[in-house]
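Participant: entry.txt is reproduced below (compact mmCIF, C-alpha atoms).
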# COMPACT_ATOMS: atom_id res chain seq x y z
CA MET A 571 -16.31 -40.92 12.09
CA GLY A 572 -16.91 -42.60 15.47
CA ARG A 573 -19.95 -44.68 16.42
CA LYS A 574 -21.42 -41.92 18.57
CA THR A 575 -21.26 -39.38 15.72
CA MET A 576 -22.59 -41.92 13.22
CA ALA A 577 -25.53 -42.62 15.50
CA MET A 578 -26.25 -38.90 15.69
CA VAL A 579 -26.21 -38.67 11.90
CA THR A 580 -28.36 -41.78 11.45
CA ARG A 581 -30.99 -40.56 13.86
CA GLY A 582 -30.88 -37.12 12.23
CA ARG A 583 -30.89 -35.53 15.67
CA MET A 584 -31.83 -31.85 15.39
CA THR A 585 -30.09 -29.07 17.28
CA SER A 586 -31.21 -25.47 17.33
CA LEU A 587 -28.72 -22.77 16.41
CA MET A 588 -28.52 -19.96 18.92
CA SER A 589 -28.67 -17.53 16.03
CA LEU A 590 -32.11 -18.73 15.02
CA ILE A 591 -33.37 -18.26 18.55
CA SER A 592 -31.81 -14.81 18.80
CA ARG A 593 -33.46 -13.79 15.52
CA GLY A 594 -36.87 -14.86 16.74
CA VAL A 595 -37.15 -17.86 14.41
CA SER A 596 -39.91 -20.19 15.55
CA PRO A 597 -38.94 -23.33 17.52
CA SER A 598 -40.01 -25.49 14.57
CA GLU A 599 -37.25 -23.95 12.43
CA GLU A 600 -34.18 -25.89 13.47
CA ALA A 601 -30.82 -27.00 12.10
CA TRP A 602 -29.83 -30.61 11.59
CA ASP A 603 -26.42 -32.17 12.24
CA TRP A 604 -24.67 -34.02 9.44
CA ASP A 605 -21.46 -34.06 11.43
CA THR A 606 -20.60 -32.31 14.67
CA SER A 607 -18.72 -29.77 12.54
CA ILE A 608 -21.44 -29.16 9.90
CA ALA A 609 -24.97 -27.83 10.40
CA ILE A 610 -27.68 -28.40 7.81
CA CYS A 611 -29.88 -25.32 7.77
CA SER A 612 -32.40 -26.03 5.00
CA GLU A 613 -33.57 -28.86 2.73
CA PRO A 614 -32.14 -31.48 5.12
CA THR A 615 -32.88 -34.56 3.01
CA ILE A 616 -31.07 -33.17 -0.02
CA ALA A 617 -28.19 -31.68 1.99
CA ARG A 618 -27.57 -34.82 4.04
CA ALA A 619 -27.58 -37.07 0.96
CA TRP A 620 -25.18 -34.66 -0.78
CA CYS A 621 -22.71 -34.81 2.12
CA ASP A 622 -23.05 -38.58 2.47
CA ARG A 623 -22.34 -39.10 -1.22
CA LEU A 624 -19.09 -37.13 -1.09
CA ARG A 625 -17.70 -38.31 2.24
CA GLY A 626 -13.98 -39.04 1.93
CA THR A 627 -13.53 -37.27 -1.42
CA ALA A 628 -11.74 -34.05 -2.36
CA PRO A 629 -13.09 -31.20 -4.49
CA ARG A 630 -11.66 -29.14 -7.27
CA PHE A 631 -11.64 -25.60 -5.84
CA VAL A 632 -12.41 -22.67 -8.14
CA CYS A 633 -12.68 -19.03 -7.07
CA VAL A 634 -14.32 -16.52 -9.41
CA ALA A 635 -13.51 -12.85 -8.90
CA GLY A 636 -15.20 -9.82 -10.33
CA PHE A 637 -15.54 -6.15 -9.53
CA THR A 638 -18.50 -3.82 -9.26
CA ALA A 639 -18.23 -0.05 -8.87
CA THR A 640 -20.84 -0.50 -6.15
CA ALA A 641 -17.82 -1.33 -3.94
CA MET A 642 -16.68 2.28 -4.10
CA ILE A 643 -19.70 3.48 -2.10
CA ASP A 644 -18.67 4.49 1.40
CA ARG A 645 -19.60 1.94 4.13
CA ILE A 646 -20.93 -0.59 1.61
CA SER A 647 -18.23 -3.14 2.50
CA ALA A 648 -15.54 -3.84 5.09
CA ALA A 649 -13.31 -5.61 2.54
CA GLY A 650 -10.72 -2.82 2.50
CA LEU A 651 -10.35 0.37 4.51
CA THR A 652 -10.45 2.77 1.57
CA PRO A 653 -11.99 2.78 -1.93
CA HIS A 654 -8.48 2.21 -3.34
CA ASP A 655 -8.03 -0.81 -1.07
CA ARG A 656 -11.37 -2.23 -2.19
CA LEU A 657 -10.35 -1.75 -5.83
CA LEU A 658 -7.51 -4.25 -5.32
CA THR A 659 -8.92 -6.60 -2.66
CA ALA A 660 -9.90 -9.36 -5.11
CA ASN A 661 -6.51 -9.24 -6.83
CA ALA A 662 -4.72 -9.60 -3.51
CA ASP A 663 -6.98 -12.41 -2.33
CA LEU A 664 -6.80 -14.51 -5.50
CA ASP A 665 -3.07 -14.05 -5.95
CA PHE A 666 -2.55 -15.21 -2.37
CA LEU A 667 -5.01 -18.07 -2.82
CA VAL A 668 -2.95 -19.41 -5.73
CA SER A 669 0.57 -18.75 -4.45
CA GLY A 670 0.44 -18.25 -0.69
CA ASN A 671 3.07 -15.59 -1.25
CA THR A 672 3.25 -12.51 0.98
CA HIS A 673 6.90 -11.64 0.26
CA ASP A 674 6.74 -8.47 -1.80
CA PRO A 675 3.56 -9.40 -3.73
CA LEU A 676 2.27 -7.14 -6.49
CA TYR A 677 -1.02 -6.86 -4.60
CA PRO A 678 -0.52 -7.09 -0.81
CA LEU A 679 -3.45 -8.25 1.30
CA PRO A 680 -5.19 -4.96 2.19
CA PRO A 681 -5.92 -3.71 5.69
CA LEU A 682 -9.52 -4.33 6.70
CA VAL A 683 -11.85 -2.49 9.05
CA ALA A 684 -11.14 -5.38 11.42
CA GLY A 685 -10.14 -9.01 11.05
CA ALA A 686 -8.05 -10.78 8.42
CA SER A 687 -8.90 -11.79 4.88
CA PRO A 688 -10.90 -15.03 4.63
CA VAL A 689 -8.44 -16.19 1.97
CA LEU A 690 -6.23 -17.27 4.88
CA ILE A 691 -8.86 -19.84 5.85
CA THR A 692 -9.32 -21.10 2.30
CA ARG A 693 -5.63 -21.21 1.39
CA ALA A 694 -4.69 -22.99 4.62
CA ILE A 695 -7.22 -25.76 4.00
CA ALA A 696 -6.91 -26.18 0.23
CA SER A 697 -3.10 -26.21 0.19
CA GLU A 698 -2.72 -28.64 3.09
CA LEU A 699 -5.28 -31.05 1.60
CA HIS A 700 -3.73 -30.67 -1.89
CA TRP A 701 -6.93 -29.67 -3.65
CA PRO A 702 -6.60 -28.40 -7.24
CA ILE A 703 -6.98 -24.59 -7.10
CA HIS A 704 -8.10 -22.36 -9.97
CA ALA A 705 -8.48 -18.57 -9.97
CA ILE A 706 -10.79 -16.94 -12.53
CA ASN A 707 -10.78 -13.26 -13.43
CA ALA A 708 -14.37 -12.66 -14.51
CA GLY A 709 -14.06 -8.87 -14.61
CA LEU A 710 -11.43 -7.07 -12.52
CA PRO A 711 -9.92 -3.62 -13.15
CA TYR A 712 -6.41 -5.12 -13.11
CA ALA A 713 -5.00 -8.47 -14.24
CA LEU A 714 -4.06 -11.08 -11.64
CA SER A 715 -0.31 -11.58 -11.25
CA GLN A 716 -0.51 -15.33 -10.55
CA PRO A 717 -1.56 -18.14 -12.92
CA SER A 718 -5.26 -17.76 -13.61
CA ILE A 719 -8.00 -17.92 -16.22
CA SER A 720 -9.06 -14.55 -17.61
CA LEU A 721 -12.48 -14.19 -19.22
CA HIS A 722 -11.58 -10.73 -20.60
CA SER A 723 -14.66 -9.03 -19.21
CA PRO A 724 -15.03 -5.45 -17.96
CA PRO A 725 -15.91 -4.73 -14.34
CA ALA A 726 -19.53 -3.90 -13.55
CA ARG A 727 -20.88 -0.40 -13.15
CA CYS A 728 -22.57 0.60 -9.90
CA ILE A 729 -25.97 -1.02 -9.64
CA SER A 730 -27.51 2.37 -8.82
CA SER A 731 -27.30 2.99 -12.57
CA GLY A 732 -29.58 0.06 -13.36
CA ARG A 733 -27.03 -0.82 -16.07
CA SER A 734 -24.40 -2.95 -14.33
CA LEU A 735 -23.29 -4.88 -17.41
CA ASP A 736 -24.21 -4.98 -21.07
CA PRO A 737 -26.57 -7.94 -21.75
CA GLU A 738 -24.22 -9.40 -24.38
CA VAL A 739 -21.42 -9.43 -21.79
CA VAL A 740 -23.64 -11.31 -19.35
CA GLU A 741 -24.55 -13.89 -21.98
CA ARG A 742 -20.90 -14.37 -22.93
CA LEU A 743 -19.85 -14.80 -19.29
CA PHE A 744 -22.63 -17.33 -18.77
CA SER A 745 -21.49 -19.30 -21.83
CA GLN A 746 -17.87 -19.22 -20.67
CA GLY A 747 -18.87 -20.48 -17.23
CA LEU A 748 -20.97 -23.24 -18.81
CA GLU A 749 -18.00 -24.44 -20.87
CA LEU A 750 -15.66 -24.38 -17.86
CA GLY A 751 -18.12 -26.47 -15.86
CA ARG A 752 -18.40 -28.96 -18.71
CA ARG A 753 -14.60 -29.08 -19.08
CA TRP A 754 -14.02 -29.94 -15.44
CA ALA A 755 -16.83 -32.48 -15.44
CA ALA A 756 -15.26 -34.10 -18.52
CA ALA A 757 -11.81 -34.11 -16.87
CA ARG A 758 -13.31 -36.01 -13.95
CA GLU A 759 -14.47 -38.69 -16.35
CA ALA A 760 -11.07 -39.06 -18.05
CA ILE A 761 -9.27 -42.29 -17.22
CA GLY A 762 -7.24 -41.76 -14.08
CA ALA A 763 -7.54 -37.98 -14.27
CA ASP A 764 -8.63 -35.98 -11.22
CA ALA A 765 -9.71 -39.13 -9.42
CA ALA A 766 -9.39 -37.22 -6.14
CA ALA A 767 -11.61 -34.34 -7.30
CA PRO A 768 -15.03 -35.77 -8.17
CA TRP A 769 -16.92 -32.64 -7.15
CA LEU A 770 -16.67 -28.92 -7.73
CA MET A 771 -16.41 -26.24 -5.05
CA ILE A 772 -16.91 -22.70 -6.34
CA GLY A 773 -16.04 -19.65 -4.26
CA GLU A 774 -16.44 -15.97 -5.05
CA CYS A 775 -14.53 -12.77 -4.45
CA VAL A 776 -16.58 -9.65 -5.20
CA VAL A 777 -16.31 -6.62 -2.94
CA GLY A 778 -19.81 -5.19 -2.64
CA GLY A 779 -21.21 -8.52 -3.83
CA THR A 780 -23.85 -8.80 -1.14
CA THR A 781 -25.39 -5.60 -2.47
CA THR A 782 -25.40 -6.91 -6.05
CA ALA A 783 -26.95 -10.13 -4.68
CA LEU A 784 -29.77 -8.06 -3.17
CA GLY A 785 -30.10 -6.15 -6.44
CA VAL A 786 -30.40 -9.28 -8.57
CA LEU A 787 -32.85 -11.02 -6.25
CA THR A 788 -35.00 -7.89 -6.19
CA ALA A 789 -34.87 -7.65 -9.99
CA LEU A 790 -36.01 -11.28 -10.16
CA GLY A 791 -39.05 -10.32 -8.08
CA ILE A 792 -37.83 -11.85 -4.80
CA GLU A 793 -38.25 -9.88 -1.58
CA ALA A 794 -34.83 -10.15 0.07
CA SER A 795 -34.49 -6.83 1.88
CA GLY A 796 -33.14 -7.42 5.39
CA LEU A 797 -32.03 -10.97 4.57
CA ILE A 798 -28.66 -10.28 2.92
CA SER A 799 -25.50 -10.51 5.02
CA SER A 800 -22.47 -8.19 5.01
CA SER A 801 -18.77 -8.14 5.88
CA LEU A 802 -19.60 -5.38 8.38
CA VAL A 803 -20.54 -6.27 11.95
CA GLN A 804 -23.85 -4.46 11.50
CA CYS A 805 -25.20 -4.73 7.99
CA ASP A 806 -26.39 -1.29 6.85
CA ARG A 807 -29.70 -2.47 5.43
CA GLY A 808 -30.82 1.06 4.73
CA LEU A 809 -27.78 1.81 2.58
CA LYS A 810 -28.16 -1.40 0.57
CA ASP A 811 -31.87 -0.75 0.06
CA ARG A 812 -31.24 2.83 -1.09
CA VAL A 813 -28.66 1.72 -3.65
CA VAL A 814 -31.01 -0.97 -4.97
CA ARG A 815 -33.93 1.47 -5.12
CA SER A 816 -31.79 3.85 -7.17
CA GLY A 817 -31.14 1.07 -9.67
CA LEU A 818 -34.81 0.14 -9.78
CA ALA A 819 -35.74 3.77 -10.36
CA ALA A 820 -33.33 3.90 -13.31
CA LEU A 821 -34.94 0.74 -14.68
CA ALA A 822 -38.40 2.25 -14.28
CA ARG A 823 -37.33 5.31 -16.26
CA ARG A 824 -36.47 2.92 -19.08
CA GLN A 825 -39.89 1.30 -18.62
CA ALA A 826 -38.37 -2.01 -17.53
CA GLY A 827 -40.91 -3.69 -15.27
CA LEU A 828 -40.20 -6.39 -12.70
CA PRO A 829 -39.63 -9.25 -12.52
CA LEU A 830 -36.84 -9.48 -15.08
CA GLU A 831 -35.54 -12.56 -16.86
CA PRO A 832 -32.23 -13.78 -15.32
CA ILE A 833 -29.88 -12.37 -17.99
CA ALA A 834 -31.63 -8.99 -17.82
CA ALA A 835 -31.57 -9.05 -14.00
CA ILE A 836 -27.80 -9.56 -13.93
CA ALA A 837 -27.29 -6.92 -16.63
CA ALA A 838 -29.29 -4.42 -14.61
CA MET A 839 -28.24 -5.14 -11.02
CA GLY A 840 -25.56 -7.84 -10.95
CA ASP A 841 -21.81 -8.40 -11.15
CA PRO A 842 -19.51 -10.43 -13.45
CA MET A 843 -19.10 -13.34 -11.04
CA GLN A 844 -22.78 -14.27 -11.02
CA PRO A 845 -23.29 -15.47 -14.62
CA VAL A 846 -19.94 -17.29 -14.62
CA VAL A 847 -20.67 -19.29 -11.47
CA ALA A 848 -24.26 -19.99 -12.55
CA GLY A 849 -23.01 -21.27 -15.90
CA MET A 850 -20.21 -23.32 -14.32
CA THR A 851 -22.72 -24.92 -11.98
CA LEU A 852 -25.04 -25.92 -14.83
CA GLY A 853 -22.13 -27.23 -16.91
CA ALA A 854 -21.01 -29.47 -14.07
CA ILE A 855 -24.39 -30.91 -13.12
CA GLU A 856 -25.11 -31.81 -16.75
CA ALA A 857 -22.58 -34.59 -16.17
CA ASP A 858 -23.85 -35.34 -12.65
CA MET A 859 -20.89 -33.60 -11.02
CA PRO A 860 -21.95 -32.33 -7.55
CA VAL A 861 -21.37 -28.65 -6.82
CA LEU A 862 -20.87 -26.70 -3.60
CA LEU A 863 -21.50 -22.98 -3.99
CA ALA A 864 -19.06 -21.75 -1.35
CA GLY A 865 -20.41 -18.52 0.08
CA GLY A 866 -23.28 -16.98 1.98
CA THR A 867 -26.20 -14.94 0.71
CA GLN A 868 -24.26 -14.10 -2.48
CA MET A 869 -24.25 -17.76 -3.40
CA LEU A 870 -27.92 -18.16 -2.51
CA ALA A 871 -28.57 -15.52 -5.18
CA VAL A 872 -26.38 -17.48 -7.63
CA TRP A 873 -28.25 -20.70 -6.78
CA GLU A 874 -31.52 -19.01 -7.75
CA LEU A 875 -29.96 -17.55 -10.90
CA ALA A 876 -28.67 -20.99 -11.94
CA ARG A 877 -32.12 -22.50 -11.43
CA ARG A 878 -33.75 -19.83 -13.58
CA LEU A 879 -31.02 -19.81 -16.22
CA ALA A 880 -31.46 -23.57 -16.64
CA ALA A 881 -35.11 -22.99 -17.56
CA TRP A 882 -34.18 -19.98 -19.71
CA GLY A 883 -31.54 -21.92 -21.66
CA GLY A 884 -33.23 -25.32 -21.76
CA LEU A 885 -30.50 -26.82 -19.59
CA THR A 886 -30.50 -29.50 -16.92
CA TRP A 887 -31.32 -28.44 -13.35
CA ARG A 888 -30.70 -30.85 -10.47
CA SER A 889 -31.47 -29.29 -7.09
CA ASP A 890 -30.12 -32.41 -5.39
CA ARG A 891 -26.68 -31.79 -6.90
CA VAL A 892 -26.16 -28.16 -5.86
CA VAL A 893 -25.69 -27.13 -2.22
CA VAL A 894 -24.75 -23.73 -0.78
CA GLY A 895 -22.12 -23.87 1.96
CA THR A 896 -21.10 -21.04 4.29
CA THR A 897 -19.84 -20.22 7.78
CA ARG A 898 -21.76 -20.14 11.02
CA TRP A 899 -20.91 -16.42 11.21
CA VAL A 900 -23.21 -15.79 8.25
CA ILE A 901 -25.92 -17.98 9.77
CA GLU A 902 -25.61 -16.18 13.09
CA ASP A 903 -25.69 -12.69 11.58
CA ALA A 904 -28.55 -11.07 13.50
CA THR A 905 -28.77 -8.25 10.94
CA ALA A 906 -29.50 -10.66 8.07
CA GLY A 907 -31.47 -13.83 7.42
CA ALA A 908 -29.55 -16.38 5.36
CA VAL A 909 -31.56 -19.34 6.67
CA GLN A 910 -34.86 -17.62 6.00
CA LEU A 911 -33.74 -16.73 2.47
CA ALA A 912 -32.53 -20.28 1.76
CA ARG A 913 -35.80 -21.77 2.96
CA SER A 914 -37.87 -19.33 0.94
CA LEU A 915 -35.91 -20.26 -2.21
CA GLY A 916 -35.85 -23.98 -1.44
CA ALA A 917 -32.04 -23.97 -1.58
CA PRO A 918 -30.05 -26.53 0.46
CA LEU A 919 -27.85 -24.54 2.87
CA ILE A 920 -25.16 -26.00 5.11
CA ALA A 921 -22.71 -24.24 7.43
CA SER A 922 -19.36 -25.02 8.96
CA ARG A 923 -19.24 -24.65 12.73
CA LEU A 924 -15.67 -23.36 12.54
CA ASN A 925 -14.87 -21.27 15.62
CA LEU A 926 -11.76 -19.10 15.74
CA SER A 927 -11.95 -18.04 19.39
CA ALA A 928 -8.94 -20.25 20.18
CA SER A 929 -6.78 -18.81 17.39
CA ARG A 930 -3.41 -17.31 18.32
CA HIS A 931 -4.16 -14.29 16.11
CA PRO A 932 -6.41 -11.40 17.24
CA THR A 933 -7.40 -10.63 13.64
CA LEU A 934 -8.75 -14.16 13.25
CA ARG A 935 -10.49 -14.06 16.63
CA ALA A 936 -12.26 -10.93 15.30
CA TYR A 937 -14.48 -13.26 13.25
CA GLU A 938 -16.13 -14.24 16.54
CA GLN A 939 -17.12 -10.58 16.99
CA GLY A 940 -18.96 -10.56 13.66
CA TYR A 941 -16.30 -9.11 11.37
CA VAL A 942 -15.71 -10.39 7.81
CA LYS A 943 -17.77 -13.61 8.21
CA GLU A 944 -17.17 -15.14 4.78
CA GLY A 945 -15.45 -14.78 1.43
CA VAL A 946 -13.13 -16.50 -1.06
CA GLY A 947 -14.99 -19.74 -0.33
CA ALA A 948 -13.92 -19.87 3.34
CA GLY A 949 -17.05 -21.56 4.67
CA GLY A 950 -17.12 -24.04 1.82
CA ALA A 951 -13.45 -24.86 2.34
CA ALA A 952 -14.08 -25.62 6.02
CA ILE A 953 -17.05 -27.81 5.04
CA GLY A 954 -14.92 -29.52 2.41
CA ALA A 955 -12.21 -30.33 4.94
CA THR A 956 -14.79 -32.05 7.13
CA VAL A 957 -16.37 -33.94 4.24
CA HIS A 958 -12.98 -34.92 2.78
CA GLN A 959 -10.92 -35.71 5.86
CA GLY A 960 -13.23 -35.36 8.86
CA TRP A 961 -11.53 -32.21 10.14
CA ASP A 962 -13.12 -30.70 13.24
CA THR A 963 -12.74 -27.13 14.53
CA ALA A 964 -9.49 -27.85 16.40
CA ARG A 965 -7.89 -29.30 13.27
CA LEU A 966 -9.13 -26.40 11.14
CA VAL A 967 -7.80 -23.79 13.57
CA ARG A 968 -4.42 -25.51 13.70
CA ALA A 969 -4.05 -25.33 9.90
CA ILE A 970 -5.27 -21.73 9.72
CA ASP A 971 -3.00 -20.59 12.55
CA GLN A 972 0.01 -22.26 10.96
CA LEU A 973 -0.51 -20.31 7.75
CA ALA A 974 -1.21 -17.10 9.69
CA ASP A 975 2.06 -17.61 11.61
CA SER A 976 3.98 -17.70 8.33
CA VAL A 977 2.16 -14.65 6.96
CA GLY A 978 2.97 -12.63 10.07
CA ALA A 979 2.33 -8.92 9.65
CA SER A 980 -0.45 -9.45 7.12
CA VAL A 981 -2.74 -10.74 9.87
CA SER A 982 -1.42 -9.07 13.00
Go ahead and render the structure in this file as structure tokens.
Facilitator:
Amino acid sequence: MGRKTMAMVTRGRMTSLMSLISRGVSPSEEAWDWDTSIAICSEPTIARAWCDRLRGTAPRFVCVAGFTATAMIDRISAAGLTPHDRLLTANADLDFLVSGNTHDPLYPLPPLVAGASPVLITRAIASELHWPIHAINAGLPYALSQPSISLHSPPARCISSGRSLDPEVVERLFSQGLELGRRWAAAREAIGADAAAPWLMIGECVVGGTTTALGVLTALGIEASGLISSSLVQCDRGLKDRVVRSGLAALARRQAGLPLEPIAAIAAMGDPMQPVVAGMTLGAIEADMPVLLAGGTQMLAVWELARRLAAWGGLTWRSDRVVVGTTRWVIEDATAGAVQLARSLGAPLIASRLNLSASRHPTLRAYEQGYVKEGVGAGGAAIGATVHQGWDTARLVRAIDQLADSVGASVS
């Protein structure tokens, strides 16, 4: 990093995001620069120290996929044109993340409403920087075709039922995530092993996952309506709220009052990814392994779940070791409020300033129109590239375009 940038970081110069202004956020609510390519949106002292600690180091990248029947609701997600597409989106994304293969794959990348899958961003960065990549099937309708870890869990029911998952399944997934986090933290400590991966980056792939995030936060007693983002250009807040209210009504019929304990909240309104990532986070920070939850408002919900599950299970919680990292497209979503949600929770939130307007591919430039925004750890991967190797937007776009060139028809 050059002297000018270092001086900016040292002084902690604050710059307002246009999105905050457009959303009517008060002038006192600003974003801080850590690097010209990363904005710190909440808890600046914690977030800046977290980035400083990891400068020049590479993460272990893990992506946890699950499925919820909530994804089959019309207009709930743009991650696939049809319900059948959405059924297979996570399989296609994680298989591509691991292999980079688009030549006659078992699960081709599906057509989207607009834009290209965010896995292109993540794969381009992680493969070029040689990060260890792990795919976890936490509950998909179909097995992944590439090397992965299967937790042998069923997909979640629609949250409108108020019975997304059986409580014993949630507890088992949480325990499995906890052990995975401990395993990777222990591997870091092994002599000479994973010396280049001293921290853990966890992404998610759950179609309809922003709606389950809203459901879980609501079940925990947190008012998050209107704050949750979406892969659609205009988040249909009314639709999300109606689905959540249906689930709450089903809970009320069973005389389940709010707020719920975290396991019960996930069982009622969540998805399989949430307990796994929360457990993995707690397993890692037990051994002082820093964690980046790579995603938008879905990962803010997981951050809050991890905090509460630590208290529930008598486990260590270190808020200075867990940061949520996303894209500027999520931060700038005028139909949501990721920054407001992060600040209300006290969660450190940082965002990559990746801009795809100079991409050679129209489907990637569509991100600048508000499509897709995030997924498969894309924002976290861009943040990680800056923390690890100082990549700026131009360097990020070059890597992403190179992969998109090789993929061809899948992004055109």
Participant: Can you pull out every residue within 12 Å of Ala820 of chain A, counting only C-alpha atoms, but drop anything in the same chain fewer than 5 positions away, and send it as a ChimeraX atom specification?
Facilitator: /A:728-734,813-815,825-827,838-839
Participant: Restricted to C-alpha atoms, what would the selected residues look like written as a PDB file, keeping the file's coordinate frame?
Facilitator:
ATOM      1  CA  CYS A 728     -22.570   0.600  -9.900  1.00  0.00           C
ATOM      2  CA  ILE A 729     -25.970  -1.020  -9.640  1.00  0.00           C
ATOM      3  CA  SER A 730     -27.510   2.370  -8.820  1.00  0.00           C
ATOM      4  CA  SER A 731     -27.300   2.990 -12.570  1.00  0.00           C
ATOM      5  CA  GLY A 732     -29.580   0.060 -13.360  1.00  0.00           C
ATOM      6  CA  ARG A 733     -27.030  -0.820 -16.070  1.00  0.00           C
ATOM      7  CA  SER A 734     -24.400  -2.950 -14.330  1.00  0.00           C
ATOM      8  CA  VAL A 813     -28.660   1.720  -3.650  1.00  0.00           C
ATOM      9  CA  VAL A 814     -31.010  -0.970  -4.970  1.00  0.00           C
ATOM     10  CA  ARG A 815     -33.930   1.470  -5.120  1.00  0.00           C
ATOM     11  CA  GLN A 825     -39.890   1.300 -18.620  1.00  0.00           C
ATOM     12  CA  ALA A 826     -38.370  -2.010 -17.530  1.00  0.00           C
ATOM     13  CA  GLY A 827     -40.910  -3.690 -15.270  1.00  0.00           C
ATOM     14  CA  ALA A 838     -29.290  -4.420 -14.610  1.00  0.00           C
ATOM     15  CA  MET A 839     -28.240  -5.140 -11.020  1.00  0.00           C
TER      16      MET A 839
END
Participant: Name all residues at most 6 Å from Ala708 of chain A (count all atoms listed in the file; drop same-chain ones fewer than 3 positions away) and give them as a compact mmCIF listing (two decimals) with C-alpha atoms, in the frame of the given file.
Facilitator:
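Written file, out.txt:
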# COMPACT_ATOMS: atom_id res chain seq x y z
CA ALA A 635 -13.51 -12.85 -8.90
CA GLY A 636 -15.20 -9.82 -10.33
CA LEU A 721 -12.48 -14.19 -19.22
CA SER A 723 -14.66 -9.03 -19.21
CA PRO A 842 -19.51 -10.43 -13.45
CA MET A 843 -19.10 -13.34 -11.04
Participant: Between A:Leu802, A:Ala628, A:Leu821, A:Leu966, which residue has the minimum interatomic distance to Trp899 of chain A, considering all atoms listed in the file?
Facilitator: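 Nearest to Trp899 of chain A: A:Leu802.
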Participant: Separation of atom CA of Gly866 of chain A and atom CA of Thr896 of chain A, in Å?
Facilitator: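 Spanning atom CA of Gly866 of chain A to atom CA of Thr896 of chain A is a straight-line distance of 5.2 Å.
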Participant: Extract, using only C-alpha atoms, all DNA, RNA and protein residues at most 7 Å from Val861 of chain A, discarding same-chain residues fewer than 6 positions from it, and format them as a PyMOL selection string.
Facilitator: chain A and resi 769-771+851+891-893
Participant: In Å, how far is it from atom CA of Ile792 of chain A to atom CA of Pro724 of chain A?
Facilitator: 27.1 Å
Participant: Write out as a PDB file with C-alpha atoms, in the coordinates of the input the residues lying within 12 Å of Glu738 of chain A, counting only C-alpha atoms and excluding same-chain residues fewer than 3 positions away.
Facilitator:
ATOM      1  CA  SER A 723     -14.660  -9.030 -19.210  1.00  0.00           C
ATOM      2  CA  PRO A 724     -15.030  -5.450 -17.960  1.00  0.00           C
ATOM      3  CA  SER A 734     -24.400  -2.950 -14.330  1.00  0.00           C
ATOM      4  CA  LEU A 735     -23.290  -4.880 -17.410  1.00  0.00           C
ATOM      5  CA  GLU A 741     -24.550 -13.890 -21.980  1.00  0.00           C
ATOM      6  CA  ARG A 742     -20.900 -14.370 -22.930  1.00  0.00           C
ATOM      7  CA  LEU A 743     -19.850 -14.800 -19.290  1.00  0.00           C
ATOM      8  CA  PHE A 744     -22.630 -17.330 -18.770  1.00  0.00           C
ATOM      9  CA  SER A 745     -21.490 -19.300 -21.830  1.00  0.00           C
ATOM     10  CA  ILE A 833     -29.880 -12.370 -17.990  1.00  0.00           C
ATOM     11  CA  ALA A 834     -31.630  -8.990 -17.820  1.00  0.00           C
ATOM     12  CA  ILE A 836     -27.800  -9.560 -13.930  1.00  0.00           C
ATOM     13  CA  ALA A 837     -27.290  -6.920 -16.630  1.00  0.00           C
ATOM     14  CA  PRO A 842     -19.510 -10.430 -13.450  1.00  0.00           C
ATOM     15  CA  PRO A 845     -23.290 -15.470 -14.620  1.00  0.00           C
TER      16      PRO A 845
END
Participant: Show me a table, sorted first by chain and then by increasing residue number, of the residues of segment 664-744 of chain A having an atom at most 9 Å from segment 940-945 of chain A, each with its shortest atom pair and the distance in Å to one decimal, counting only C-alpha atoms and written as a Markdown table.
Facilitator:
| residue | atom | partner | partner_atom | distance |
| --- | --- | --- | --- | --- |
| A:Leu682 | CA | A:Val942 | CA | 8.7 |
| A:Val683 | CA | A:Tyr941 | CA | 8.3 |
| A:Ala684 | CA | A:Tyr941 | CA | 6.4 |
| A:Gly685 | CA | A:Tyr941 | CA | 6.2 |
| A:Ala686 | CA | A:Val942 | CA | 7.7 |
| A:Ser687 | CA | A:Val942 | CA | 7.5 |
| A:Pro688 | CA | A:Gly945 | CA | 5.6 |
| A:Val689 | CA | A:Gly945 | CA | 7.2 |
| A:Thr692 | CA | A:Gly945 | CA | 8.8 |
Participant: Quick one: residues within 6 Å of Pro653 of chain A, all atoms listed in the file counted, chain neighbours fewer than 2 positions away excluded, as JSON, numbers by chain?
Facilitator: {"A": [642, 655, 656]}
Participant: Write a file of the selected residues as a short mmCIF file (atom, residue, chain, number, x, y, z; two decimals), keeping the file's coordinate frame, keeping C-alpha atoms.
Facilitator:
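Result went into part.cif, see below:
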data_model
loop_
_atom_site.label_atom_id
_atom_site.label_comp_id
_atom_site.auth_asym_id
_atom_site.auth_seq_id
_atom_site.Cartn_x
_atom_site.Cartn_y
_atom_site.Cartn_z
CA MET A 642 -16.68 2.28 -4.10
CA ASP A 655 -8.03 -0.81 -1.07
CA ARG A 656 -11.37 -2.23 -2.19
#
Participant: For Val776 of chain A, which of A:Ala819, A:Ala641, A:Val846, A:Ala880 is the closest residue, counting all atoms listed in the file?
Facilitator: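 Of all the options, A:Ala641 lies closest to Val776 of chain A.
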Participant: What is the distance, in Å and to one decimal place, between atom CA of Cys611 of chain A and atom CA of Ser889 of chain A?
Facilitator: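 Straight-line distance from atom CA of Cys611 of chain A to atom CA of Ser889 of chain A works out to 15.5 Å.
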Participant: Counting only C-alpha atoms, which residue out of A:Leu809, A:Leu973, A:Ala964, A:Ala789 sits closest to His931 of chain A?
Facilitator: A:Leu973
Participant: Could you tell me which of A:Val632, A:Leu710, A:Val909, A:Val740 comes closest to Ala794 of chain A if we count all atoms listed in the file?
Facilitator: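 Answer, going by the shortest atom-to-atom distance: A:Val909.
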